[in-house]
Amino acid sequence: MRRIAIYGKGGIGKSTTSANITDALAARGLKVMQIGCDPKADSTCLLTGEPRVRPVLDVMRAGEEVTLDVIVRKGRSGCLCVECGGPKPGMGCAGRGIIAAFEQLEKLGAMDVYRPDVLIYDVLGDVVCGGFAMPIRNGYARDVFIVTSGEMMSLYAANNIAEAVEGFRQDGYARLGGLIQNSRGVSDEDALVDRAAAEMKTQVVFRVPHDAEVQRCEAKGETVVRGAPDSAQAAAYRQLAGIIYDRAEDVSGGMRLGTDNPAGGCDHE
């Protein structure tokens with residue numbers, strides 16, 4: 001099983017990129033599970049065609065029985081979709097919400113039940129506190145790819161994520177697979193991202209071109225891979241998916257809960 005975490009600054013196109021990778025890999029006959037690790041719970045909407053998959057945290061707050069049938073939704077390509085969710089806005093720690101959702105998935109034996117070939121965590125990367133670092137700090141993901149553009153704030157966030165990954169790599173956890181450039185038309189964008197990658201001691205694994213086809217398909221609630229399969233943009237996403245799959249290590253075993261910071265997400269209140 002490939003266990004991949006895709007990080008990036010909010011609004012950089014991380015979830016769109018993740019969903020198109022998931023659809024492209026599912027189209028190759030692989031069983032793919034995508035877990036959205038963002039309080040907005042919008043990671044998988046392009047895969048299911050629904051505005052929002054019911055998040056694990058919403059089910060828990062409602063006091064209902066948490067079962068895999070309730071929290072795992074099948075996407076239109078056959079992929080499996082989970083949203084962690086988070087606390088109500090302005091209340092609680094979103095990072096701790098991710099931890100609680102992961103604990104539920106592990107308790108229910110989700111990986112043993114579904115046995116995915118590829119597991120993709122779509123993770124917000126504006127902050128890399130305990131909860132948002134959960135996929136890389138506790139051994140859930142093996143390979144981390146960072147979505148960025150040539151914009152200053154996205155590169156700043158990418159550098160923070162890369163530093164976190166390096167720290168956890170030394171403890172035997174995840175490793176940095178490289179940067180995915182989601183092009184925004186910034187002046188000298190390729191050079192800016194290449195320079196940043198060199199400073200992070202990594203490389204740009206792919207440059208996703210800027211194409212209005214993405215917005216057209218999103219308006220229909222679809223990935224480009226599904227909504228415009230013959231387009232150049234769909235071909236680019238399929239190429240990216242192949243690169244990510246080939247670069248990721250095939251590791252056995254499913255989710256395991258680490259012992260560091262077991263009580264909560266953020267390392268501060």
# chains A, B, ... in the order shown; residues from 1 in each chain; ligands from 1
call {"tool": "select_by_dssp", "arguments": {"residues": "stretch 71-155 of chain A", "states": "helix (DSSP H, G or I)", "output": "JSON, numbers by chain"}}
result
{"A": [71, 94, 95, 96, 97, 98, 99, 100, 101, 102, 103, 104, 105, 106, 107, 110, 111, 112, 113, 114, 134, 135, 136, 137, 152, 153, 154, 155]}
call {"tool": "write_last_selection", "arguments": {"atoms": "N, CA and C atoms", "output": "PDB file, in the first residue's frame"}}
result
ATOM      1  N   ILE A  71     -19.413   6.748   7.791  1.00  0.00           N
ATOM      2  CA  ILE A  71     -18.353   7.743   7.585  1.00  0.00           C
ATOM      3  C   ILE A  71     -17.504   7.516   6.328  1.00  0.00           C
ATOM      4  N   ALA A  94      -8.926  22.279  15.834  1.00  0.00           N
ATOM      5  CA  ALA A  94      -9.120  21.467  14.640  1.00  0.00           C
ATOM      6  C   ALA A  94      -8.125  20.313  14.590  1.00  0.00           C
ATOM      7  N   GLY A  95      -6.909  20.559  15.083  1.00  0.00           N
ATOM      8  CA  GLY A  95      -5.907  19.498  15.092  1.00  0.00           C
ATOM      9  C   GLY A  95      -6.330  18.312  15.931  1.00  0.00           C
ATOM     10  N   ARG A  96      -6.931  18.601  17.074  1.00  0.00           N
ATOM     11  CA  ARG A  96      -7.405  17.514  17.928  1.00  0.00           C
ATOM     12  C   ARG A  96      -8.567  16.772  17.271  1.00  0.00           C
ATOM     13  N   GLY A  97      -9.323  17.478  16.449  1.00  0.00           N
ATOM     14  CA  GLY A  97     -10.398  16.824  15.711  1.00  0.00           C
ATOM     15  C   GLY A  97      -9.857  15.771  14.767  1.00  0.00           C
ATOM     16  N   ILE A  98      -8.753  16.076  14.113  1.00  0.00           N
ATOM     17  CA  ILE A  98      -8.124  15.111  13.211  1.00  0.00           C
ATOM     18  C   ILE A  98      -7.700  13.876  13.991  1.00  0.00           C
ATOM     19  N   ILE A  99      -7.113  14.082  15.154  1.00  0.00           N
ATOM     20  CA  ILE A  99      -6.670  12.959  15.973  1.00  0.00           C
ATOM     21  C   ILE A  99      -7.857  12.087  16.364  1.00  0.00           C
ATOM     22  N   ALA A 100      -8.956  12.706  16.790  1.00  0.00           N
ATOM     23  CA  ALA A 100     -10.139  11.947  17.186  1.00  0.00           C
ATOM     24  C   ALA A 100     -10.690  11.134  16.013  1.00  0.00           C
ATOM     25  N   ALA A 101     -10.697  11.735  14.822  1.00  0.00           N
ATOM     26  CA  ALA A 101     -11.192  11.023  13.642  1.00  0.00           C
ATOM     27  C   ALA A 101     -10.290   9.844  13.292  1.00  0.00           C
ATOM     28  N   PHE A 102      -8.981  10.047  13.367  1.00  0.00           N
ATOM     29  CA  PHE A 102      -8.046   8.968  13.080  1.00  0.00           C
ATOM     30  C   PHE A 102      -8.227   7.821  14.068  1.00  0.00           C
ATOM     31  N   GLU A 103      -8.440   8.156  15.327  1.00  0.00           N
ATOM     32  CA  GLU A 103      -8.640   7.121  16.335  1.00  0.00           C
ATOM     33  C   GLU A 103      -9.889   6.294  16.035  1.00  0.00           C
ATOM     34  N   GLN A 104     -10.937   6.970  15.548  1.00  0.00           N
ATOM     35  CA  GLN A 104     -12.157   6.250  15.188  1.00  0.00           C
ATOM     36  C   GLN A 104     -11.919   5.314  14.006  1.00  0.00           C
ATOM     37  N   LEU A 105     -11.213   5.782  12.996  1.00  0.00           N
ATOM     38  CA  LEU A 105     -10.925   4.943  11.826  1.00  0.00           C
ATOM     39  C   LEU A 105     -10.105   3.727  12.222  1.00  0.00           C
ATOM     40  N   GLU A 106      -9.160   3.942  13.126  1.00  0.00           N
ATOM     41  CA  GLU A 106      -8.338   2.823  13.572  1.00  0.00           C
ATOM     42  C   GLU A 106      -9.153   1.852  14.424  1.00  0.00           C
ATOM     43  N   LYS A 107      -9.972   2.398  15.283  1.00  0.00           N
ATOM     44  CA  LYS A 107     -10.811   1.558  16.139  1.00  0.00           C
ATOM     45  C   LYS A 107     -11.725   0.666  15.309  1.00  0.00           C
ATOM     46  N   ALA A 110     -10.561   0.350   9.677  1.00  0.00           N
ATOM     47  CA  ALA A 110     -10.875   0.762   8.310  1.00  0.00           C
ATOM     48  C   ALA A 110      -9.890   0.205   7.280  1.00  0.00           C
ATOM     49  N   MET A 111      -8.600   0.221   7.613  1.00  0.00           N
ATOM     50  CA  MET A 111      -7.617  -0.248   6.637  1.00  0.00           C
ATOM     51  C   MET A 111      -7.712  -1.755   6.420  1.00  0.00           C
ATOM     52  N   ASP A 112      -8.022  -2.487   7.469  1.00  0.00           N
ATOM     53  CA  ASP A 112      -8.163  -3.937   7.337  1.00  0.00           C
ATOM     54  C   ASP A 112      -9.428  -4.311   6.579  1.00  0.00           C
ATOM     55  N   VAL A 113     -10.470  -3.514   6.758  1.00  0.00           N
ATOM     56  CA  VAL A 113     -11.731  -3.797   6.072  1.00  0.00           C
ATOM     57  C   VAL A 113     -11.626  -3.487   4.584  1.00  0.00           C
ATOM     58  N   TYR A 114     -11.090  -2.313   4.234  1.00  0.00           N
ATOM     59  CA  TYR A 114     -11.082  -1.872   2.837  1.00  0.00           C
ATOM     60  C   TYR A 114      -9.811  -2.247   2.089  1.00  0.00           C
ATOM     61  N   MET A 134      -0.320  15.107  12.268  1.00  0.00           N
ATOM     62  CA  MET A 134      -0.636  13.722  12.621  1.00  0.00           C
ATOM     63  C   MET A 134      -0.294  12.717  11.520  1.00  0.00           C
ATOM     64  N   PRO A 135      -0.652  12.972  10.248  1.00  0.00           N
ATOM     65  CA  PRO A 135      -0.345  11.982   9.222  1.00  0.00           C
ATOM     66  C   PRO A 135       1.142  11.680   9.083  1.00  0.00           C
ATOM     67  N   ILE A 136       2.010  12.662   9.393  1.00  0.00           N
ATOM     68  CA  ILE A 136       3.445  12.424   9.221  1.00  0.00           C
ATOM     69  C   ILE A 136       4.162  12.138  10.530  1.00  0.00           C
ATOM     70  N   ARG A 137       3.614  12.562  11.651  1.00  0.00           N
ATOM     71  CA  ARG A 137       4.334  12.410  12.910  1.00  0.00           C
ATOM     72  C   ARG A 137       4.047  11.077  13.582  1.00  0.00           C
ATOM     73  N   MET A 152       4.544  34.006  -2.728  1.00  0.00           N
ATOM     74  CA  MET A 152       5.400  34.028  -1.549  1.00  0.00           C
ATOM     75  C   MET A 152       4.821  33.242  -0.375  1.00  0.00           C
ATOM     76  N   MET A 153       3.543  33.437  -0.066  1.00  0.00           N
ATOM     77  CA  MET A 153       2.970  32.794   1.113  1.00  0.00           C
ATOM     78  C   MET A 153       2.860  31.289   0.946  1.00  0.00           C
ATOM     79  N   SER A 154       2.608  30.828  -0.268  1.00  0.00           N
ATOM     80  CA  SER A 154       2.540  29.379  -0.471  1.00  0.00           C
ATOM     81  C   SER A 154       3.927  28.749  -0.338  1.00  0.00           C
ATOM     82  N   LEU A 155       4.952  29.463  -0.785  1.00  0.00           N
ATOM     83  CA  LEU A 155       6.319  28.961  -0.633  1.00  0.00           C
ATOM     84  C   LEU A 155       6.752  28.999   0.830  1.00  0.00           C
TER      85      LEU A 155
END
call {"tool": "closest_atom_pairs", "arguments": {"of": "stretch 97-195 of chain A", "to": "stretch 20-41 of chain A", "cutoff": "9 Å", "atoms": "only C-alpha atoms", "output": "Markdown table"}}
result
| residue | atom | partner | partner_atom | distance |
| --- | --- | --- | --- | --- |
| A:Gly97 | CA | A:Pro39 | CA | 8.1 |
| A:Ile98 | CA | A:Cys37 | CA | 6.3 |
| A:Tyr114 | CA | A:Lys31 | CA | 8.6 |
| A:Arg115 | CA | A:Lys31 | CA | 8.0 |
| A:Pro116 | CA | A:Lys31 | CA | 5.0 |
| A:Asp117 | CA | A:Lys31 | CA | 5.2 |
| A:Val118 | CA | A:Val32 | CA | 4.8 |
| A:Leu119 | CA | A:Met33 | CA | 5.0 |
| A:Ile120 | CA | A:Gln34 | CA | 4.7 |
| A:Tyr121 | CA | A:Ile35 | CA | 4.9 |
| A:Asp122 | CA | A:Gly36 | CA | 4.9 |
| A:Val123 | CA | A:Cys37 | CA | 4.8 |
| A:Leu124 | CA | A:Asp38 | CA | 5.7 |
| A:Phe132 | CA | A:Cys37 | CA | 7.5 |
call {"tool": "closest_residue", "arguments": {"among": "A:Gly185, A:Gly177, A:Gly139, A:Gly11", "to": "A:Asp42", "atoms": "only C-alpha atoms"}}
result
A:Gly11
call {"tool": "closest_residue", "arguments": {"among": "A:Val59, A:Val205, A:Val147, A:Leu176", "to": "A:Glu249", "atoms": "only C-alpha atoms"}}
result
A:Leu176
call {"tool": "atom_distance", "arguments": {"atom1": "atom CA of A:Glu199", "atom2": "atom CA of A:Leu240"}}
result
22.7 Å
call {"tool": "select_by_dssp", "arguments": {"residues": "stretch 145-225 of chain A", "states": "strand (DSSP E or B)", "output": "ChimeraX atom specification"}}
result
/A:145-148,175-182,204-208
call {"tool": "atom_distance", "arguments": {"atom1": "atom CA of A:Gly78", "atom2": "atom CA of A:Leu47"}}
result
9.1 Å
call {"tool": "closest_residue", "arguments": {"among": "A:Val53, A:Ala164, A:Ala133, A:Leu179", "to": "A:Ala198", "atoms": "only C-alpha atoms"}}
result
A:Leu179
call {"tool": "closest_residue", "arguments": {"among": "A:Pro209, A:Gly150, A:Ile161, A:Lys14", "to": "A:Val186", "atoms": "only C-alpha atoms"}}
result
A:Gly150
call {"tool": "atom_distance", "arguments": {"atom1": "atom CA of A:Gly125", "atom2": "atom CA of A:Ala158"}}
result
7.7 Å
call {"tool": "residues_around", "arguments": {"residues": "stretch 233-239 of chain A", "least_positions_apart": "6", "cutoff": "12 Å", "atoms": "only C-alpha atoms", "output": "PyMOL selection string"}}
result
chain A and resi 16-28+180-182+205-217+222-227+245-246
call {"tool": "write_last_selection", "arguments": {"atoms": "N, CA and C atoms", "output": "mmCIF file, in the first residue's frame"}}
result
data_model
loop_
_atom_site.group_PDB
_atom_site.id
_atom_site.type_symbol
_atom_site.label_atom_id
_atom_site.label_comp_id
_atom_site.auth_asym_id
_atom_site.auth_seq_id
_atom_site.Cartn_x
_atom_site.Cartn_y
_atom_site.Cartn_z
ATOM 1 N N THR A 16 -8.055 20.043 -4.849
ATOM 2 C CA THR A 16 -8.319 19.788 -6.269
ATOM 3 C C THR A 16 -7.275 18.840 -6.835
ATOM 4 N N THR A 17 -6.014 19.080 -6.488
ATOM 5 C CA THR A 17 -4.932 18.217 -6.954
ATOM 6 C C THR A 17 -5.099 16.815 -6.393
ATOM 7 N N SER A 18 -5.391 16.720 -5.101
ATOM 8 C CA SER A 18 -5.566 15.409 -4.467
ATOM 9 C C SER A 18 -6.699 14.626 -5.116
ATOM 10 N N ALA A 19 -7.837 15.281 -5.335
ATOM 11 C CA ALA A 19 -8.994 14.604 -5.902
ATOM 12 C C ALA A 19 -8.716 14.103 -7.313
ATOM 13 N N ASN A 20 -8.011 14.904 -8.108
ATOM 14 C CA ASN A 20 -7.692 14.470 -9.470
ATOM 15 C C ASN A 20 -6.688 13.321 -9.475
ATOM 16 N N ILE A 21 -5.753 13.328 -8.538
ATOM 17 C CA ILE A 21 -4.826 12.193 -8.404
ATOM 18 C C ILE A 21 -5.599 10.940 -8.025
ATOM 19 N N THR A 22 -6.507 11.079 -7.056
ATOM 20 C CA THR A 22 -7.313 9.937 -6.629
ATOM 21 C C THR A 22 -8.122 9.370 -7.788
ATOM 22 N N ASP A 23 -8.802 10.235 -8.535
ATOM 23 C CA ASP A 23 -9.603 9.770 -9.664
ATOM 24 C C ASP A 23 -8.736 9.101 -10.725
ATOM 25 N N ALA A 24 -7.573 9.673 -10.991
ATOM 26 C CA ALA A 24 -6.694 9.121 -12.012
ATOM 27 C C ALA A 24 -6.179 7.739 -11.606
ATOM 28 N N LEU A 25 -5.832 7.566 -10.343
ATOM 29 C CA LEU A 25 -5.348 6.264 -9.880
ATOM 30 C C LEU A 25 -6.482 5.243 -9.841
ATOM 31 N N ALA A 26 -7.679 5.690 -9.442
ATOM 32 C CA ALA A 26 -8.830 4.785 -9.428
ATOM 33 C C ALA A 26 -9.155 4.309 -10.837
ATOM 34 N N ALA A 27 -8.970 5.188 -11.819
ATOM 35 C CA ALA A 27 -9.231 4.816 -13.215
ATOM 36 C C ALA A 27 -8.262 3.750 -13.702
ATOM 37 N N ARG A 28 -7.117 3.617 -13.017
ATOM 38 C CA ARG A 28 -6.147 2.578 -13.366
ATOM 39 C C ARG A 28 -6.474 1.251 -12.690
ATOM 40 N N ILE A 180 4.884 19.809 -5.729
ATOM 41 C CA ILE A 180 4.000 19.831 -6.891
ATOM 42 C C ILE A 180 3.670 21.292 -7.153
ATOM 43 N N GLN A 181 4.086 21.790 -8.292
ATOM 44 C CA GLN A 181 3.832 23.195 -8.610
ATOM 45 C C GLN A 181 2.459 23.327 -9.255
ATOM 46 N N ASN A 182 1.550 23.979 -8.549
ATOM 47 C CA ASN A 182 0.233 24.281 -9.110
ATOM 48 C C ASN A 182 0.315 25.704 -9.664
ATOM 49 N N VAL A 205 8.505 17.735 -8.595
ATOM 50 C CA VAL A 205 8.209 16.478 -9.282
ATOM 51 C C VAL A 205 7.296 16.685 -10.482
ATOM 52 N N PHE A 206 6.506 17.786 -10.464
ATOM 53 C CA PHE A 206 5.613 18.040 -11.587
ATOM 54 C C PHE A 206 5.107 19.473 -11.517
ATOM 55 N N ARG A 207 4.858 20.048 -12.675
ATOM 56 C CA ARG A 207 4.259 21.380 -12.763
ATOM 57 C C ARG A 207 2.872 21.227 -13.393
ATOM 58 N N VAL A 208 1.846 21.466 -12.605
ATOM 59 C CA VAL A 208 0.479 21.410 -13.112
ATOM 60 C C VAL A 208 0.187 22.723 -13.821
ATOM 61 N N PRO A 209 -0.149 22.683 -15.097
ATOM 62 C CA PRO A 209 -0.397 23.939 -15.823
ATOM 63 C C PRO A 209 -1.661 24.633 -15.334
ATOM 64 N N HIS A 210 -1.687 25.946 -15.512
ATOM 65 C CA HIS A 210 -2.888 26.721 -15.170
ATOM 66 C C HIS A 210 -3.868 26.594 -16.322
ATOM 67 N N ASP A 211 -5.075 26.120 -16.043
ATOM 68 C CA ASP A 211 -6.045 25.868 -17.105
ATOM 69 C C ASP A 211 -7.445 26.130 -16.562
ATOM 70 N N ALA A 212 -8.232 26.873 -17.288
ATOM 71 C CA ALA A 212 -9.596 27.194 -16.863
ATOM 72 C C ALA A 212 -10.492 25.965 -16.829
ATOM 73 N N GLU A 213 -10.033 24.871 -17.419
ATOM 74 C CA GLU A 213 -10.812 23.627 -17.393
ATOM 75 C C GLU A 213 -11.067 23.173 -15.959
ATOM 76 N N VAL A 214 -10.129 23.487 -15.060
ATOM 77 C CA VAL A 214 -10.282 23.119 -13.654
ATOM 78 C C VAL A 214 -11.530 23.774 -13.067
ATOM 79 N N GLN A 215 -11.680 25.074 -13.289
ATOM 80 C CA GLN A 215 -12.827 25.798 -12.748
ATOM 81 C C GLN A 215 -14.132 25.350 -13.418
ATOM 82 N N ARG A 216 -14.077 25.045 -14.703
ATOM 83 C CA ARG A 216 -15.289 24.592 -15.398
ATOM 84 C C ARG A 216 -15.785 23.273 -14.820
ATOM 85 N N CYS A 217 -14.862 22.371 -14.560
ATOM 86 C CA CYS A 217 -15.249 21.069 -14.012
ATOM 87 C C CYS A 217 -15.690 21.187 -12.556
ATOM 88 N N GLU A 222 -17.142 18.142 -10.488
ATOM 89 C CA GLU A 222 -16.377 17.008 -10.987
ATOM 90 C C GLU A 222 -14.884 17.312 -11.018
ATOM 91 N N THR A 223 -14.091 16.275 -10.946
ATOM 92 C CA THR A 223 -12.665 16.421 -11.215
ATOM 93 C C THR A 223 -12.487 16.625 -12.712
ATOM 94 N N VAL A 224 -11.332 17.123 -13.105
ATOM 95 C CA VAL A 224 -11.037 17.254 -14.534
ATOM 96 C C VAL A 224 -10.884 15.869 -15.167
ATOM 97 N N VAL A 225 -10.321 14.949 -14.420
ATOM 98 C CA VAL A 225 -10.125 13.587 -14.924
ATOM 99 C C VAL A 225 -11.453 12.956 -15.317
ATOM 100 N N ARG A 226 -12.498 13.270 -14.565
ATOM 101 C CA ARG A 226 -13.815 12.726 -14.876
ATOM 102 C C ARG A 226 -14.599 13.637 -15.817
ATOM 103 N N GLY A 227 -14.571 14.942 -15.564
ATOM 104 C CA GLY A 227 -15.418 15.869 -16.301
ATOM 105 C C GLY A 227 -14.920 16.251 -17.679
ATOM 106 N N TYR A 245 2.560 7.952 -7.694
ATOM 107 C CA TYR A 245 2.459 6.517 -7.378
ATOM 108 C C TYR A 245 3.823 5.838 -7.482
ATOM 109 N N ASP A 246 4.562 6.156 -8.532
ATOM 110 C CA ASP A 246 5.861 5.512 -8.733
ATOM 111 C C ASP A 246 6.899 5.955 -7.713
#
